[in-house]
Structures are given as C-alpha cells and as structure tokens.
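Visitor: Here you go, one structure.
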Protein chains: 2
Amino acid sequence: MPPRARRGRILAVAIDQKSGQPLYRQIYTHVRQCILDGRLAPGARLPSTRQLAADLRVSRSTAVQAYEQLRAEGYIEGLGGAETRVTDTLPDSFVRAGVRDADTSVPLRSVLAPSARARATAACVRRAMLPVGMGPRAFRAGVPAVDVFPVDTWGRIMARRWSRTPARDLAYGDPFGYRPLREAIADYLRAARGVRCTADQVMVVAGSQQALDLAARVILDPGDKVWLEDPGYHGARGAFTAAGGTIVPVPVDQDGLDVMAGRTLAPDARLAFVTPSRQLPLGATMSLTRRLALLEWAAASRAAIFEDDYDSEFRYASRPLPALQGLDRAGCVLYAGTFSKVTFPSMRLGYLVVPPSLVDAFGAARHFADFHSPFLEQAVMTDFIVEGHFERHIRRMRAIYHERQVLLVNLARERLGGLLDVRPADAGMTVVGWLGGGMDDVATARAAERAGLYVLAVSPLAVRPLPPALLLGYAGVRDDEIREGVNRLGIVLEQVARSRAPNEIRHTLMVGSVA
Amino acid sequence: MPPRARRGRILAVAIDQKSGQPLYRQIYTHVRQCILDGRLAPGARLPSTRQLAADLRVSRSTAVQAYEQLRAEGYIEGLGGAETRVTDTLPDSFVRAGVRDADTSVPLRSVLAPSARARATAACVRRAMLPVGMGPRAFRAGVPAVDVFPVDTWGRIMARRWSRTPARDLAYGDPFGYRPLREAIADYLRAARGVRCTADQVMVVAGSQQALDLAARVILDPGDKVWLEDPGYHGARGAFTAAGGTIVPVPVDQDGLDVMAGRTLAPDARLAFVTPSRQLPLGATMSLTRRLALLEWAAASRAAIFEDDYDSEFRYASRPLPALQGLDRAGCVLYAGTFSKVTFPSMRLGYLVVPPSLVDAFGAARHFADFHSPFLEQAVMTDFIVEGHFERHIRRMRAIYHERQVLLVNLARERLGGLLDVRPADAGMTVVGWLGGGMDDVATARAAERAGLYVLAVSPLAVRPLPPALLLGYAGVRDDEIREGVNRLGIVLEQVARSRAPNEIRHTLMVGSVA
C-alpha cells in the first residue's frame with residue numbers, strides 16, 4: 001500500500017480560485033458529493049487537514065474549515081488528524097442511491113398521496129370549476145370594483161399608521177385581532193346590521209372563507225352533518241368538506257332555505273349554512289318565518305347556524321334586512337361578513353361574531369391555524385371605518401353597482417334574448433341568467449372561458465336537478481367591459497345553441513322511434 | 001267594538017322628532033318590537049297606512065315606508081290597506097319568548113358546545129400555558145428584535161409598491177401567492193438552505209403555523225398517527241390535534257429525533273414532525289445518520305416529513321446546516337420556514353415547499369382555508385429580499401442575537417447559579433435553563449408570570465418525564481431588559497426554592513422513617 005493511502009485518500013478537488021465560492025466551501029461540496037454518491041465509502045479514511053492542505057495547495061485553516069462543516073453535518077468523524085473517516089453509520093441504501101443530481105432546482109417525484117379529505121376538497125374546486133387566480137374579468141362573480149377604490153386615502157392612512165406603529169405591534173398579536181378594529185366592527189354591525197354583539201365576540205379573520213373554515217372545525221367533528229343550501233356556495237362546501245363534515249343539501253325556494261325539508265332530511269345536523277340576506281347563488285331573501293323556524297330548530301337541537309352576510313351592503317330596491325343573528329336568543333348563530341366586497345379582496349380581512357361561550361374555542365382554533373391577521377391592514381381598516389371613508393365608499397359602490405346591473409340586464413335583454421334570460425336582482429353583485437334552448441350550463445361556461453369570459457355554471461353548485469343557469473358578476477366590470485362582454489357572450493351562446501340543436505333533434509327522433 | 005278597532009289597533013309609537021333616527025324607522029322598530037314581545041299577536045290587524053299617518057301625525061309616505069320595511073322582513077302581510085295583519089305563520093314559541101331586550105350589545109348565552117377536536121385544541125393552549133397576545137417581553141421565546149427592524153426602509157418600499165399597485169392586484173390572487181415572491185423564496189432557499197425546489201412548489205403562507213395547519217389537513221385523515229418530537233413544539237401539537245391526528249411522542253436526544261424509537265412506536269405513522277436544524281425546545285441538531293434514517297423510513301412507508309426550519313438563519317458557532325429537504329429523493333419532505341423571525345411577526349408571512357405532485361391538493365386546501373395571503377405584504381417582501389435588505393438584516397440580527405445570548409448566559413451564571421443552569425446555544429433565539437433545587441418548572445413559570453416575566457416551562461411540552469427546565473427567549477429583549485429580567489428572575493427563583501425546600505426536607509424525612 002503506498003504511503004499516501006495510509007494517510008487517507010487523495011481528494012481530487014477541482015479548486016476554482018476565481019469562483020465566487022470560498023475555497024473551504026468548494027472542498028466541502030466536493031467531499032460531501034463523493035460521500036453521497038459512494039465514491040467515498042462509509043468508514044473510508046480521509047487525509048489529515050495538514051495533508052489535505054498540502055495536496056490542494058490551500059491554507060491549513062481552509063482545510064480545517066471544510067472538515068468542521070462536514071463534521072458538523074455528520075458526514076465525517078474524527079478530529080481532523082489521521083483518524084478522520086467517513087461516518088460509517090450512514091445507511092448504505094442512501095449512499096448508493098446514486099444521488100448524483102446536485103441540481104437543487106429539479107423538482108422531485110413524490111411517494112406521498114393526499115389524505116382522503118384533501119382529495120375530496122380538491123374535488124370541490126374542480127366541481128365548481130374554480131380557476132386558480134381570480135383577477136377581475138367579465139363576468140367574474142364576487143370581485144368588487146377595485147378600480148374605483150380610494151387608493152390615495154388608503155395609502156395616506158397606511159403611511160401615517162406605519163410611521164406611528166409601536167414596536168410591540170410588529171410582534172405577535174391577539175388571535176381575535178386588533179382591539180380598536182373589533183370595536184369598530186361591533187359598532188358597525190350593531191347599527192347597520194342589527195347584530196347583537198360586543199367587541200369581545202368579534203374575531204378579525206382573513207375574509208369570510210376563513211370564518212367558514214374555523215367554524216367548521218370548532219363546531220363539527222368528522223362525519224357530523226351540515227345543512228347546505230342547494231344550490232349553495234361552493235366556498236362553504238369546500239370548507240365543510242375539508243373539515244370532514246357530511247354535507248346534506250337542503251332545497252331553497254323564493255323564501256330561502258326550506259327549514260322543514262332540512263328537519264326531515266337531517267334533524268340531527270350540527271350546523272346549517274345560510275345566506276339569509278341574499279341567497280347565494282339564486283338571490284332569494286330568507287323570509288322571517290323561515291328565519292324563526294331555523295332559529296327554533298337550532299335552539300332545540302343545539303345546532304349552530306352559520307350566517308354568511310357576504311354582500312348585504314349592496315341593496316338597491318329596498319333597505320337592507322337586519323341580520324338573522326339579531327333574532328337569535330339561544331346563541332346559535334355564527335355571523336360572518338367580509339371587507340373583501342366593500343374595500344378590496346387582496347387585503348384579506350373579514351369578521352366572525354361568535355357566542356361568548358365559544359370565544360375560547362375559536363381563539364385556540366385560530367391560534368393553531370395561523371395565529372392572527374396581519375397588524376397593519378387591521379390598523380388601516382380601523383381608521384378607514386372610524387374616519388367615515390368606509391360608509392362613504394359603500395354608498396358610492398352601491399350607486400355604481402346598481403348602474404352596472406341595470407346596464408347588464410338591459411344589454412342582455414337586447415342582445416341575449418331567447419338565449420339567456422337575465423333577471424334583475426334587488427341586491428348584491430351578481431345576477432342569474434337562465435339558459436334557453438336546451439343549453440347545458442357547464443358546457444356554456446367552458447365555451448365562454450375559451451372566449452375569454454368567466455361565468456359560473458350554477459348546476460355544479462346544486463345536487464338536485466336545476467334548470468341550467470349562469471351566475472354573472474357585474475360589480476367589478478366596467479361599462480365598456482360589460483358591453484364588450486355581453487356581445488362576446490352572445491356569440492358564445494349562439495355557437496353553443498347551434499351545436500346543441502342537432503343533438504336535441506336527434507334525441508327527440510330516437511325517443512319517438514322507440515315509442 | 002269601537003270603530004277604531006275595526007280599522008286596526010292604535011299604535012302608540014313614541015315619535016321623537018329630535019331623534020337622529022328617521023320617523024319611518026322609529027315606527028318600524030316599535031311595531032317590530034310589539035310583534036316580537038307578543039303585544040301584537042300573529043294575525044292581528046294593523047291600521048291602514050292612511051290611518052297610521054293620521055294617528056301619529058306623520059306623512060303618509062312615512063307610514064308606507066315603515067310598513068314596506070316590516071313587510072320586506074316578513075313581520076306583516078297585506079298591502080298596507082285595511083287588510084294589513086301581523087304575519088300569522090310566526091312560531092308562537094318565538095313570539096312569546098319575551099324577547100324584550102332590544103339592547104344589541106348584550107352578549108348571549110349559547111346552547112352550543114365546541115366539537116371534540118376543538119376542545120382538544122383548546123387543551124393544547126392550556127397545556128403549554130400559552131398567553132393570548134404575544135408582545136415582546138423578557139424572556140418571551142420566539143419574538144425577534146422588532147425594535148431594530150428597518151421600518152423606514154420597509155415603509156419606503158411599501159409606499160412605492162402601493163402607489164404602483166395595479167387594480168388587478170387588489171382583487172383575488174393565487175392561493176400559492178405572488179409569483180415574484182415565490183421566485184425570490186425559491187432562490188433564497190436553494191442558495192442558503194440547500195432546498196431542492198422551483199417556485200412552482202413554493203406556497204406563501206401566514207407563517208409556519210399555517211404551513212403546519214395545511215400540511216396536517218392535506219396529509220392526515222382523522223386518527224392518522226403523527227410522530228412528534230418529545231419534548232416538542234406546542235404549535236405542531238395544536239395543529240395536528242386540530243386536524244384530528246393521533247400524536248405519537250418520539251424521544252429526542254443530542255442527535256435529534258430517535259428514528260428507531262419512532263419506527264418501534266408507530267411504524268405506520270403518516271407524518272413525522274421534526275426541527276432538524278435546531279430541535280425545539282432543547283436545541284439539538286439532528287445528525288446526518290438520523291436524517292438519512294428518517295428519510296429512508298418515510299420513503300419506504302410513504303409517510304411525510306414536516307421539516308420546520310424555523311430559525312435556521314441564526315447560527316453563531318458554526319455555519320448553518322443544509323435543510324433535510326435537500327437530501328430527500330422520494331419527495332417526502334414538506335419544508336416550512338417563516339419570515340416572522342427574520343423580519344417581524346405581525347406581517348404573517350412564511351413559506352411552505354411541497355412536492356410537485358401535491359401542489360393541487362395544497363392549492364385546494366388553501367383556497368378553502370382563506371384563499372391566499374394579502375397582496376401588499378407579499379409585494380413589499382419581494383422587494384425587501386431582491387434589493388438585499390433581507391440578508392443584510394439577517395446578518396445584523398445574527399450579531400445582535402449572539403451578543404444578547406452571551407449577555408444572558410453570563411448574567412445567569414453570575415446571578416442564578418445553583419438555581420437555574422442556563423446553557424449557551426450555538427444557534428437560535430432561545431436558551432434552555434435547567435432548574436435546580438427540586439423546583440417545578442410549571443410552578444416557576446407561573447411565579448415568574450406573576451412577577452411580570454414570561455418563561456416557557458418545558459415539561460408541558462413533553463410526554464415522557466424530563467428534568468424541570470425553562471425556555472428563555474432573548475432575541476427580542478434589549479440589554480437593559482435582560483439585566484433587569486435576570487435580576488427579577490433571580491428573586492422569583494429564590495422564592496420558589498425557599499417555598500419548595502421544607503417540602504423536600506419533610507419528604508426526605510418521611511422516606512427515611514419508612515425505611
């Protein structure tokens with residue numbers, strides 16, 4: 001055996017003096033790679049740092065640094081002298097697995113499968129044909145008129161708030177949110193929505209979607225039944241599915257959720273999801289009789305009611321109805337609303353009002369979900385409300401949305417008559433269009449998407465059969481975009497109707513021939 | 001029957017002309033209250049609007065407005081003429097329930113109980129004795145030095161970003177986050193942490209806590225087993241509990257998680273939670289042998305590894321170790337980190353790197369959890385990284401934290417010797433102090449809290465018996481606060497030790513007498 005081998009193998013490190021990488025790092029990387037790809041076997045002796053330094057013509061301290069790093073990470077053992085060796089407890093399978101690919105940017109194939117509930121949750125996205133990324137576009141539902149948001153006012157408040165933020169508000173905060181914002185929200189909800197609450201009951205959340213997610217987990221155990229309006233909000237379906245709830249679709253009519261049907265289908269449900277101000281997607285207002293019947297059922301069966309008051313601020317034909325929560329005397333109602341529709345969605349702020357006895361449970365759930373909402377947005381939102389910008393902006397939006405809806409309904413009547421029957425709505429940010437000519441709403445929504453339009457097919461939101469319909473959002477769509485969008489939708493609908501017609505005729509003929 | 005009764009009851013509304021409330025609203029409120037508290041029974045006739053206007057000396061249109069609102073809400077039926085009646089389908093139980101309390105600010109007692117998992121989650125908060133609200137204080141763990149954060153730089157970037165934000169970025173965004181930030185994170189993680197990833201795999205989350213919450217739900221079904229380091233991070237315990245996971249505590253030693261023990265205790269676990277860079281709370285670095293053994297187990301059993309790399313940036317004695325994720329060849333590792341420790345926590349930003357095949361599942365889970373992180377923070381963070389402020393700030397923090405730790409350890413040695421053995425740590429933002437004199441860590445932490453100090457008792461983080469110890473955070477504590485805090489902690493410890501001593505002596509005597 002030549003003397004060199006006894007002193008440890010020669011390490012052929014290609015030192016690059018001009019590389020940005022320090023010398024010790026180059027040595028470290030090379031040795032590590034040799035160990036990982038099997039060129040240096042477990043237990044193999046390495047040169048002493050003195051020898052290594054001489055071999056590679058680097059300083060002794062460079063060699064020491066490289067070995068220290070390798071030792072710190074467990075690749076080598078020994079003190080850097082003659083007894084330095086490759087750690088021999090490295091599993092063979094790993095060392096031999098041919099990990100030659102040092103390219104850190106190469107994605108990996110995974111052996112992992114998502115959980116059953118994660119697969120069911122992903123199916124909710126596909127079912128409702130939800131896009132990833134949701135910029136404003138004709139006729140995307142739920143996106144407000146962000147182009148007329150008073151960004152200068154917001155920016156001014158933000159600069160002032162940031163410059164005055166004490167260091168403690170940069171650290172962690174209360175899971176329930178920034179106290180002054182909770183006070184402002186409680187004031188607003190008591191006056192404008194008839195909600196019975198104090199600030200102690202108000203949690204600031206990341207939009208009403210997080211309110212749904214938290215409520216689902218605080219109220220439901222896996223397998224528990226939930227009443228969901230049928231057709232109903234896909235965001236609620238997703239949150240309840242993610243929580244392992246068993247969804248019981250309960251029919252809706254012009255008075256909202258059919259409480260008697262719910263009691264028949266699942267009297268033992270733990271939670272009922274409702275949109276009493278304006279049913280999503282069809283737009284009915286829940287009648288007082290139904291509201292009281294729902295509250296009576298919930299109180300008697302100790303079930304919770306999730307009231308999603310998502311766009312109650314925009315009512316054109318009559319005054320806003322007070323919240324269902326204000327009629328609750330048994331503490332059954334979880335009341336949620338969002339700032340997304342009345343300010344801008346990418347801020348991610350909303351609120352959830354919970355009964356006092358559930359405050360601890362919601363605080364713990366929020367703590368382990370994501371701690372709390374960001375501080376600065378909450379602080380700016382507080383001033384935006386307290387200084388009156390908030391209600392001023394709502395009034396302005398209400399006027400703009402009403403005009404946009406009238407424009408959309410009128411243009412649709414002129415251009416889409418016979419193809420899509422678009423009905424005016426007395427509130428909200430969307431209208432429903434009923435499809436004529438035997439057109440399928442899913443196929444139509446797909447064809448519209450290919451034409452650069454986004455319309456939500458209603459039938460995937462329902463379990464029971466429903467006439468085909470599309471949900472059209474207009475709030476975030478400018479007048480010129482509405483005109484252009486209606487024209488383009490007209491072309492799409494004509495194409496779909498044409499391609500549909502022969503099938504229908506064929507189908508009719510076949511049925512006829514069998515008879 | 002007097003003629004008036006036939007035309008409907010007289011409504012004695014106390015009209016207040018000077019009240020800020022419109023007249024119609026005063027009438028509406030009064031009638032509604034009469035119906036709800038039973039003064040107006042279901043089916044009762046109401047005066048016509050003409051009669052009501054005359055009775056109350058208000059204009060006819062005011063009366064019409066009041067009735068319209070009552071009708072819209074379902075309290076009355078009929079057209080406002082002689083046939084207007086209280087709706088007779090209102091449930092009696094509700095109407096008679098004596099809902100006289102119109103004070104909307106009174107909190108309600110609730111009939112609801114939280115779910116079993118919500119109760120278990122709340123117990124995790126109590127177990128770890130977590131406070132609600134987490135401002136910086138001596139010796140709160142996990143809070144960085146927010147007082148030296150470059151707020152002016154951040155404010156300047158924020159103002160620039162806000163003024164240039166296009167309207168579309170005010171609307172909804174991608175559940176995975178703002179693309180340029182994902183690119184910046186991927187670049188940083190590849191270079192600084194040896195993580196193998198592309199931006200497609202990076203999700204921007206609300207701190208590592210949300211990463212835990214999402215991972216728990218995407219990987220685990222209720223009842224699935226999870227390895228948790230024992231002692232281990234309470235945030236992980238909470239997230240896995242909230243997701244219905246069954247926690248299997250796996251011992252840790254100076255090499256980190258004992259993989260062999262894990263394989264014996266629960267070979268079929270679906271997920272293993274580890275803090276390889278620096279074990280939380282005890283501070284060990286996971287050895288390479290253990291890392292490889294963990295990866296081997298995970299790959300063979302198709303289990304996931306959650307690598308929480310929570311404060312890897314702060315390493316004083318040696319260079320940072322590359323992430324476990326970089327050694328993974330089976331796509332088993334979910335890698336999470338946070339910006340909370342290196343910038344400021346109230347921004348709520350962190351990141352999660354997932355295998356490509358799980359991107360859809362995580363996107364759906366995030367969509368239904370809270371859609372996505374706020375836009376502006378993400379945009380500002382992007383510039384903060386790309387312009388070099390981020391790494392500059394890390395280097396500055398590293399120097400400050402090291403100084404603070406040395407100060408704390410030295411002062412503790414002088415002042416607390418024999419009471420609390422505080423060991424230096426080569427990384428991170430906390431040190432462990434081992435309690436002497438038979439003191440209980442929970443009792444000591446409680447006594448410290450009464451003295452205005454926050455220290456985390458370690459034993460509640462463990463399932464197996466552990467010598468009593470306290471976790472002391474120093475990163476966010478100024479030098480003068482460290483001095484003052486150590487003094488005050490000395491007084492607390494002396495008191496606890498004194499009150500403890502007689503018990504110990506008694507106990508020894510009793511044991512002696514029995515023998």
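Simple scheme: letters A, B, ... for chains in structure tokens order, numbers from 1 for residues in each chain, numbers from 1 for ligands in the order shown.
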Determine, using only C-alpha atoms, which residues of stretch 416-503 of chain A have any atom at most 12 Å from an atom of stretch 166-172 of chain B, and tabulate each with its shortest atom pair and distance in Å to one decimal place, rows ordered by chain and then rising number, as JSON lines.
Guide:
{"residue": "A:Ala475", "atom": "CA", "partner": "B:Ala171", "partner_atom": "CA", "distance": 12.0}
{"residue": "A:Gly476", "atom": "CA", "partner": "B:Ala171", "partner_atom": "CA", "distance": 9.2}
{"residue": "A:Val477", "atom": "CA", "partner": "B:Arg168", "partner_atom": "CA", "distance": 11.5}
Visitor: Would you list the contacts of B:Ile247 as an NGL selection string, taking every protein, DNA or RNA residue within 10 Å and counting only C-alpha atoms, but skipping same-chain residues closer than 4 positions in sequence?
Guide: :B and (223-229 or 236-237 or 240-241 or 266 or 269 or 271-272)
Visitor: Store the residues picked out above, limited to N, CA and C atoms, as a PDB file, in the first residue's frame.
Guide:
ATOM      1  N   GLY B 223     -57.464  10.446  12.968  1.00  0.00           N
ATOM      2  CA  GLY B 223     -56.983   9.214  13.565  1.00  0.00           C
ATOM      3  C   GLY B 223     -55.597   8.802  13.098  1.00  0.00           C
ATOM      4  N   ASP B 224     -55.129   9.353  11.964  1.00  0.00           N
ATOM      5  CA  ASP B 224     -53.789   9.002  11.475  1.00  0.00           C
ATOM      6  C   ASP B 224     -52.729   9.398  12.499  1.00  0.00           C
ATOM      7  N   LYS B 225     -51.673   8.570  12.578  1.00  0.00           N
ATOM      8  CA  LYS B 225     -50.626   8.818  13.568  1.00  0.00           C
ATOM      9  C   LYS B 225     -49.579   9.812  13.059  1.00  0.00           C
ATOM     10  N   VAL B 226     -49.081  10.619  13.973  1.00  0.00           N
ATOM     11  CA  VAL B 226     -48.038  11.608  13.684  1.00  0.00           C
ATOM     12  C   VAL B 226     -46.932  11.463  14.706  1.00  0.00           C
ATOM     13  N   TRP B 227     -45.694  11.407  14.242  1.00  0.00           N
ATOM     14  CA  TRP B 227     -44.562  11.468  15.168  1.00  0.00           C
ATOM     15  C   TRP B 227     -44.347  12.919  15.558  1.00  0.00           C
ATOM     16  N   LEU B 228     -44.281  13.143  16.854  1.00  0.00           N
ATOM     17  CA  LEU B 228     -43.956  14.486  17.336  1.00  0.00           C
ATOM     18  C   LEU B 228     -42.756  14.373  18.261  1.00  0.00           C
ATOM     19  N   GLU B 229     -41.769  15.214  18.046  1.00  0.00           N
ATOM     20  CA  GLU B 229     -40.600  15.216  18.935  1.00  0.00           C
ATOM     21  C   GLU B 229     -41.081  15.382  20.380  1.00  0.00           C
ATOM     22  N   ALA B 236     -47.038  22.629  16.757  1.00  0.00           N
ATOM     23  CA  ALA B 236     -47.253  21.429  15.945  1.00  0.00           C
ATOM     24  C   ALA B 236     -48.294  20.536  16.617  1.00  0.00           C
ATOM     25  N   ARG B 237     -48.162  20.381  17.938  1.00  0.00           N
ATOM     26  CA  ARG B 237     -49.152  19.587  18.664  1.00  0.00           C
ATOM     27  C   ARG B 237     -50.559  20.137  18.422  1.00  0.00           C
ATOM     28  N   PHE B 240     -51.788  19.482  14.717  1.00  0.00           N
ATOM     29  CA  PHE B 240     -52.112  18.078  14.451  1.00  0.00           C
ATOM     30  C   PHE B 240     -53.361  17.660  15.235  1.00  0.00           C
ATOM     31  N   THR B 241     -53.491  18.187  16.426  1.00  0.00           N
ATOM     32  CA  THR B 241     -54.692  17.892  17.219  1.00  0.00           C
ATOM     33  C   THR B 241     -55.929  18.463  16.540  1.00  0.00           C
ATOM     34  N   ALA B 266     -44.506   3.605  16.254  1.00  0.00           N
ATOM     35  CA  ALA B 266     -45.570   3.775  15.248  1.00  0.00           C
ATOM     36  C   ALA B 266     -44.962   3.722  13.853  1.00  0.00           C
ATOM     37  N   ALA B 269     -46.970   5.505  11.032  1.00  0.00           N
ATOM     38  CA  ALA B 269     -47.348   6.922  11.084  1.00  0.00           C
ATOM     39  C   ALA B 269     -47.371   7.502   9.670  1.00  0.00           C
ATOM     40  N   LEU B 271     -46.999  10.868   9.171  1.00  0.00           N
ATOM     41  CA  LEU B 271     -46.294  12.149   9.162  1.00  0.00           C
ATOM     42  C   LEU B 271     -45.339  12.176  10.344  1.00  0.00           C
ATOM     43  N   ALA B 272     -44.164  12.779  10.122  1.00  0.00           N
ATOM     44  CA  ALA B 272     -43.209  12.997  11.222  1.00  0.00           C
ATOM     45  C   ALA B 272     -42.868  14.475  11.253  1.00  0.00           C
TER      46      ALA B 272
END
Visitor: Using only C-alpha atoms, determine which residues of chain A fall within 6 Å of chain B; present them as a PyMOL selection string.
Guide: chain A and resi 73-74+90+104-105+107-112+114-115+118+122+132-135+146-147+167-168+170-174+196-198+206+209-210+213+218-221+238-239+287-289+302+330-331+344-348+355+361+364+368-370+374-375
Visitor: DSSP on the backbone, then: every residue of stretch 43-276 of chain A marked alpha helix (DSSP H), written as a ChimeraX atom specification.
Guide: /A:49-56,60-72,92-96,116-127,151-163,179-193,207-219,234-242,259-265
Visitor: I want to know what sits within 10 Å of B:Tyr233, based on only C-alpha atoms, with residues of the same chain fewer than 3 positions away left out; could you give that as a PyMOL selection string?
Guide: chain B and resi 128+228-230+236-238+273-275+279-281+308+458+461-462
Visitor: Using DSSP on the backbone coordinates, identify all residues within stretch 217-373 of chain B classified as strand (DSSP E); present the result as a PyMOL selection string.
Guide: chain B and resi 225-230+246-253+256-257+271-274+304-308+333-338+350-353
Visitor: Based on the selection just made, write C-alpha atoms of those residues as a tab-separated table (two decimals), in the first residue's frame.
Guide:
chain	number	residue	atom	x	y	z
B	225	LYS	CA	-50.63	8.82	13.57
B	226	VAL	CA	-48.04	11.61	13.68
B	227	TRP	CA	-44.56	11.47	15.17
B	228	LEU	CA	-43.96	14.49	17.34
B	229	GLU	CA	-40.60	15.22	18.93
B	230	ASP	CA	-40.82	14.67	22.71
B	246	THR	CA	-53.17	10.88	16.81
B	247	ILE	CA	-49.94	12.17	18.28
B	248	VAL	CA	-47.16	9.68	18.94
B	249	PRO	CA	-44.44	11.30	21.08
B	250	VAL	CA	-41.00	10.13	19.89
B	251	PRO	CA	-37.98	10.76	22.16
B	252	VAL	CA	-35.22	13.17	21.17
B	253	ASP	CA	-31.60	13.09	22.33
B	256	GLY	CA	-32.38	14.86	17.44
B	257	LEU	CA	-35.40	12.64	16.87
B	271	LEU	CA	-46.29	12.15	9.16
B	272	ALA	CA	-43.21	13.00	11.22
B	273	PHE	CA	-42.66	16.48	12.58
B	274	VAL	CA	-39.01	17.46	13.02
B	304	ALA	CA	-44.44	12.66	5.02
B	305	ILE	CA	-41.78	14.56	6.96
B	306	PHE	CA	-42.61	18.08	8.06
B	307	GLU	CA	-39.33	19.96	8.39
B	308	ASP	CA	-39.82	23.12	10.44
B	333	VAL	CA	-40.43	16.32	2.84
B	334	LEU	CA	-42.67	19.31	3.36
B	335	TYR	CA	-40.29	22.16	4.16
B	336	ALA	CA	-41.53	25.20	6.08
B	337	GLY	CA	-39.94	28.42	7.20
B	338	THR	CA	-41.12	31.79	8.33
B	350	GLY	CA	-43.87	32.38	5.74
B	351	TYR	CA	-43.42	29.68	3.14
B	352	LEU	CA	-44.07	26.02	2.56
B	353	VAL	CA	-42.28	23.95	-0.08
Visitor: Separation of atom CA of A:Arg415 and atom CA of A:Gly433, in Å?
Guide: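 That distance, rounded to one decimal, is 12.9 Å.
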Visitor: How far is it from atom CA of A:Arg182 to atom CA of A:Thr382, in Å with one decimal?
Guide: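 Straight-line distance from atom CA of A:Arg182 to atom CA of A:Thr382 works out to 8.4 Å.
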Visitor: Could you tell me which of B:Arg25, B:Arg60, B:Lys18, B:Arg85 comes closest to B:Ala44 if we count only C-alpha atoms?
Guide: B:Arg85
